[in-house]
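Q: Before I ask anything, here is the structure I am working with.
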Amino acid sequence: MPFSDNPYSTGDIGENYVKYKLSQIGIDAVNIDRVYDLFLWRNMHRIEVKTSNAHVSGKHIIPQYGFTFKHGQTERDAFDYAVCIGLGDDNKVQDMYIIPQDYIHKRAVIYKKTSYCSNITILKENLSMEYKNNTYDKYDMCKLSLDIFKEDHKATFTRKKRELTKKLLTYEARIHKKMVTKFKSIYNDKSIKNPVQVAKEKLGISSTTAWLLRKKLNIRNHIMTDAELEKEYLRLWEEGYYNKEIVKKLRTSQDRVGPLRKRLGLPRVNPYNKRGKTKKQKEAMKNASKTLTANRLIRDKENKGKISKLWRKGHTRMEIEKILGISSGVVTRLTKDMTLPRSNPYRRRR
C-alpha cells in the first residue's frame, strides 16, 4: 500500500508534525495513543492529534477537511485540546486548528452524538459569506500557536479554553443576530423599493426565509404602490433607461413594470436615451441579422417543398400547419409566395 493511501500513515504525518513543532518551542511530548495521542508531561497538558486531507464530498464544491472523534473522545474532559492538521494534495501541512475538547464534548451533546462518532468539517477556502454560517470563518479563531501549551498556570490555561469554547458555541447565534440586524436595516430603509430582493442579494437568503423572518419580527413589507412605481418609472425613463434596465434599478418584476410603458403612452424606443450603440455592437447586430436571414431562407426553401407535396395531396392550410408543426403565419406567408389559391383545388379530387 502506498504511503499516502494508508490512513495510519496520514495520522502519523500530523502527529509527527505536532511533536516536531512542540520540540522547536522546547516542549517535550510523550506518545500515549489511547483516548488522546500526546502527553505534555512538564505542564500536564493532553493533546489529541487529528489529520485530514482536503476533499470534496456531497453537495459541497469547495474542498473541506473532516476530523472524526470517537465516542470516548467526546466525553467530558477526555483531553485538553484537539490539534487538527489539514493536508494538501502533496501531503504537506497547510492548516492547523487547535480546538478545545470542551467544545467537542458540548457539541456532541447538542447533536446527541455522545455515544457515537462526532465529525467536524472545516472548509478549506473562504466563501465570503458575511451573514451566513461558514465553517471557514468559524474555525479561523482556532488557528492558534502551539505556544498556548507553554502556559504552566492551570487556572489561566483553563480560562483560555473556556473562552474559546464559548466563542465557538455562540458563533451561529452571533452570525444570526448580525443577519437579523442587517435584515431590519434593509426593511427600515425607505429608499429601498424592493426590500425582499435586496435581502436575498445581500444576505443570501430565499424569499421564504425572508417572509418567515418578517413574520417573526413583525415587520411590514413596504412594497411600492402603483402610484410610487409610476413616478419612479417616469423618472428613470426620463434619465434614458429602457424597461429591462428599469426593472433592475427598481429591483421589481417585469410583470409590474412591463404594462406601464403602454399605459403611460410611451414609445417603444426611449427618446431620452442618448447612449446609442457602439460600432462593435452595431456590427454584431448586423452579422446576427444576416445569419438569421440566411437560416430563414434555408428553412423556407425546405418548407415550400413540403407544402407543395401536401398541397397536391389535397391538404388544407390548417392541416399542413399540424402535419409540419409550423405556425399559421409561416404557412400563410409561404403559400402567398407560392401564389397558391385560397382553397385547394386538389381537395375535390380526393
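Naming works like this for the C-alpha cells: A, B, ... for the chains as they're shown, residue 1 at the start of each chain, ligands 1 onward in shown order.
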Considering only strand (DSSP E) as DSSP defines it on the backbone, what residues of stretch 82-160 of chain A qualify? List them as a list in words.
A: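 Output for stretch 82-160 of chain A, strand (DSSP E) only: Ala82, Val83, Cys84, Ile85, Gly86, Leu87, Val93, Gln94, Asp95, Met96, Tyr97, Ile98, Ile99, Pro100, Ser118, Asn119, Ile120, Thr121, Ile122 and Leu123 of chain A.
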Q: So that I can check the surroundings of A:Glu201, please list as number ranges by chain every protein, DNA and RNA residue that reaches within 12 Å of it, counting only C-alpha atoms and ignoring chain neighbours fewer than 5 positions away.
A: A: 129, 131, 183, 186, 194-196, 206-207, 210, 251
Q: I need the residues from that last selection saved to file as a JSON list (two decimals), in the first residue's frame (with C-alpha atoms), if you can.
A:
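The resulting out.json:
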```json
[["chain", "number", "residue", "atom", "x", "y", "z"],
["A", 129, "MET", "CA", -20.47, 34.89, 3.29],
["A", 131, "TYR", "CA", -24.22, 36.91, 7.08],
["A", 183, "PHE", "CA", -32.37, 42.48, 7.68],
["A", 186, "ILE", "CA", -32.95, 46.87, 4.88],
["A", 194, "ASN", "CA", -37.99, 46.13, -3.10],
["A", 195, "PRO", "CA", -36.56, 45.01, 0.29],
["A", 196, "VAL", "CA", -37.20, 41.29, -0.36],
["A", 206, "SER", "CA", -34.52, 32.75, 0.00],
["A", 207, "SER", "CA", -37.88, 34.52, -0.38],
["A", 210, "ALA", "CA", -37.30, 36.49, 4.23],
["A", 251, "ARG", "CA", -35.47, 45.62, -8.13]]
```
Q: What lies within 7 Å of stretch 144-156 of chain A using only C-alpha atoms, ignoring chain neighbours under 4 positions off, as a list in words?
A: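 My reading of the contact set: Leu22, Asn43, Tyr97, Ile98 and Lys160 of chain A.
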Q: Go ahead and write the residues just picked, N, CA and C atoms, as a short mmCIF file (atom, residue, chain, number, x, y, z; two decimals), in the first residue's frame.
A:
```cif
data_model
loop_
_atom_site.label_atom_id
_atom_site.label_comp_id
_atom_site.auth_asym_id
_atom_site.auth_seq_id
_atom_site.Cartn_x
_atom_site.Cartn_y
_atom_site.Cartn_z
N LEU A 22 6.33 21.20 18.55
CA LEU A 22 6.42 21.36 20.01
C LEU A 22 7.87 21.34 20.48
N ASN A 43 3.86 20.36 31.81
CA ASN A 43 2.73 21.19 32.28
C ASN A 43 1.43 20.38 32.39
N TYR A 97 -5.58 23.66 13.26
CA TYR A 97 -6.63 24.21 14.13
C TYR A 97 -6.48 23.60 15.51
N ILE A 98 -6.49 24.45 16.52
CA ILE A 98 -6.40 23.97 17.91
C ILE A 98 -7.77 24.18 18.55
N LYS A 160 -8.64 30.21 29.30
CA LYS A 160 -8.49 30.42 27.86
C LYS A 160 -9.26 29.36 27.07
#
```
Q: Quick check for you: according to DSSP on this backbone, which residues of stretch 63-298 of chain A are classed as alpha helix (DSSP H)? Reply as a ChimeraX atom specification.
A: /A:101-110,135-138,154-169,171-188,195-203,207-217,226-238,243-250,254-263,279-298
Q: Excluding A:Met44 and residues on its chain fewer than 2 positions from it, collect all residues at most 12 Å away from it, counting only C-alpha atoms, and give them as a compact mmCIF listing (two decimals) with C-alpha atoms, in the first residue's frame.
A:
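That gives us result25.txt:
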```
# COMPACT_ATOMS: atom_id res chain seq x y z
CA ILE A 27 8.04 21.26 24.85
CA ASP A 28 8.61 17.53 25.27
CA ALA A 29 5.69 15.29 24.20
CA VAL A 30 5.19 11.61 25.02
CA LEU A 38 0.34 13.20 23.17
CA PHE A 39 1.03 13.92 26.83
CA LEU A 40 2.99 17.09 27.63
CA TRP A 41 4.33 15.92 30.98
CA ARG A 42 6.00 19.16 32.08
CA ARG A 46 -3.13 16.39 26.92
CA ILE A 47 -3.42 16.61 23.12
CA PHE A 79 -8.21 15.63 26.92
CA ASP A 80 -7.42 19.37 26.74
CA PHE A 149 0.86 24.80 25.70
CA LYS A 150 3.70 26.76 27.37
CA GLU A 151 1.15 28.01 29.91
CA ASP A 152 2.02 26.44 33.28
CA HIS A 153 -0.68 28.18 35.31
CA LYS A 154 -3.63 25.77 35.36
CA PHE A 157 -4.91 27.61 30.83
```
Q: In Å, rounded to a single decimal, give me how far atom CA of A:Ser52 is from atom CA of A:Cys84.
A: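 For atom CA of A:Cys84 relative to atom CA of A:Ser52, the distance reads 7.8 Å.
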Q: Which of these residues is nearest to A:Ile323, using only C-alpha atoms: A:Lys190, A:Lys306, A:Lys286, A:Lys262?
A: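 Of the candidates, the smallest distance to A:Ile323 is held by A:Lys306.
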Q: With distances taken over only C-alpha atoms, which of A:Asn188, A:Asn53, A:Thr10, A:Thr181 is nearest to A:Gln94?
A: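 Closest to A:Gln94, using only C-alpha atoms: A:Asn53.
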Q: Residues near A:Met338, anyone? I mean within 12 Å using only C-alpha atoms, not counting same-chain ones fewer than 5 positions away, as a PDB file with N, CA and C atoms, in the first residue's frame.
A:
```
ATOM      1  N   ASP A 300     -37.249  28.163 -45.308  1.00  0.00           N
ATOM      2  CA  ASP A 300     -38.372  28.448 -46.211  1.00  0.00           C
ATOM      3  C   ASP A 300     -38.325  27.565 -47.455  1.00  0.00           C
ATOM      4  N   LYS A 301     -37.133  27.354 -47.978  1.00  0.00           N
ATOM      5  CA  LYS A 301     -36.977  26.524 -49.182  1.00  0.00           C
ATOM      6  C   LYS A 301     -37.416  25.079 -48.888  1.00  0.00           C
ATOM      7  N   ASN A 303     -39.456  24.087 -46.396  1.00  0.00           N
ATOM      8  CA  ASN A 303     -40.890  24.060 -46.101  1.00  0.00           C
ATOM      9  C   ASN A 303     -41.741  24.213 -47.362  1.00  0.00           C
ATOM     10  N   LYS A 304     -41.272  24.999 -48.332  1.00  0.00           N
ATOM     11  CA  LYS A 304     -42.019  25.176 -49.578  1.00  0.00           C
ATOM     12  C   LYS A 304     -42.150  23.852 -50.324  1.00  0.00           C
ATOM     13  N   GLY A 305     -41.065  23.088 -50.340  1.00  0.00           N
ATOM     14  CA  GLY A 305     -41.089  21.771 -50.988  1.00  0.00           C
ATOM     15  C   GLY A 305     -42.088  20.839 -50.317  1.00  0.00           C
ATOM     16  N   ILE A 307     -44.694  21.789 -48.407  1.00  0.00           N
ATOM     17  CA  ILE A 307     -46.045  22.324 -48.596  1.00  0.00           C
ATOM     18  C   ILE A 307     -46.581  21.959 -49.977  1.00  0.00           C
ATOM     19  N   SER A 308     -45.712  22.051 -51.000  1.00  0.00           N
ATOM     20  CA  SER A 308     -46.119  21.742 -52.381  1.00  0.00           C
ATOM     21  C   SER A 308     -46.617  20.292 -52.494  1.00  0.00           C
ATOM     22  N   TRP A 311     -49.907  19.991 -50.580  1.00  0.00           N
ATOM     23  CA  TRP A 311     -50.955  20.709 -51.311  1.00  0.00           C
ATOM     24  C   TRP A 311     -51.510  19.847 -52.445  1.00  0.00           C
ATOM     25  N   VAL A 331     -47.072  29.495 -42.693  1.00  0.00           N
ATOM     26  CA  VAL A 331     -47.789  28.810 -43.785  1.00  0.00           C
ATOM     27  C   VAL A 331     -48.452  29.833 -44.707  1.00  0.00           C
ATOM     28  N   THR A 332     -49.080  30.850 -44.115  1.00  0.00           N
ATOM     29  CA  THR A 332     -49.738  31.904 -44.916  1.00  0.00           C
ATOM     30  C   THR A 332     -48.728  32.645 -45.776  1.00  0.00           C
ATOM     31  N   ARG A 333     -47.582  32.999 -45.172  1.00  0.00           N
ATOM     32  CA  ARG A 333     -46.557  33.735 -45.922  1.00  0.00           C
ATOM     33  C   ARG A 333     -45.994  32.912 -47.063  1.00  0.00           C
TER      34      ARG A 333
END
```
Q: With a distance cut-off of 8 Å and only C-alpha atoms, select the neighbouring residues of stretch 164-167 of chain A, excluding the residue or stretch itself and same-chain residues fewer than 6 positions from it, and output the selection as a list in words.
A: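 The residues satisfying every condition are Pro100, Asp102, Tyr103 and Cys142 of chain A.
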Q: Just want the 7 Å neighbourhood of A:Asp37, counted on only C-alpha atoms, with same-chain residues fewer than 6 positions away dropped. Output as a list of chain:residue names.
A: A:Asn31, A:Ile47, A:Glu48, A:Val49
Q: Would you mind exporting the chosen residues as a tab-separated table (two decimals), in the first residue's frame, restricted to N, CA and C atoms?
A:
```tsv
chain	number	residue	atom	x	y	z
A	31	ASN	N	4.22	9.98	23.47
A	31	ASN	CA	3.11	9.30	22.80
A	31	ASN	C	2.31	8.45	23.78
A	47	ILE	N	-3.08	16.22	24.50
A	47	ILE	CA	-3.42	16.61	23.12
A	47	ILE	C	-3.85	15.40	22.30
A	48	GLU	N	-4.95	15.55	21.58
A	48	GLU	CA	-5.36	14.56	20.57
A	48	GLU	C	-5.07	15.17	19.20
A	49	VAL	N	-4.35	14.44	18.35
A	49	VAL	CA	-3.99	14.94	17.02
A	49	VAL	C	-4.87	14.27	15.97
```
Q: Counting only C-alpha atoms, which residue out of A:Ile320, A:Gly204, A:Lys231, A:Tyr242 sits closest to A:Pro267?
A: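 Looking at the shortest contact to A:Pro267, the residue is A:Tyr242.
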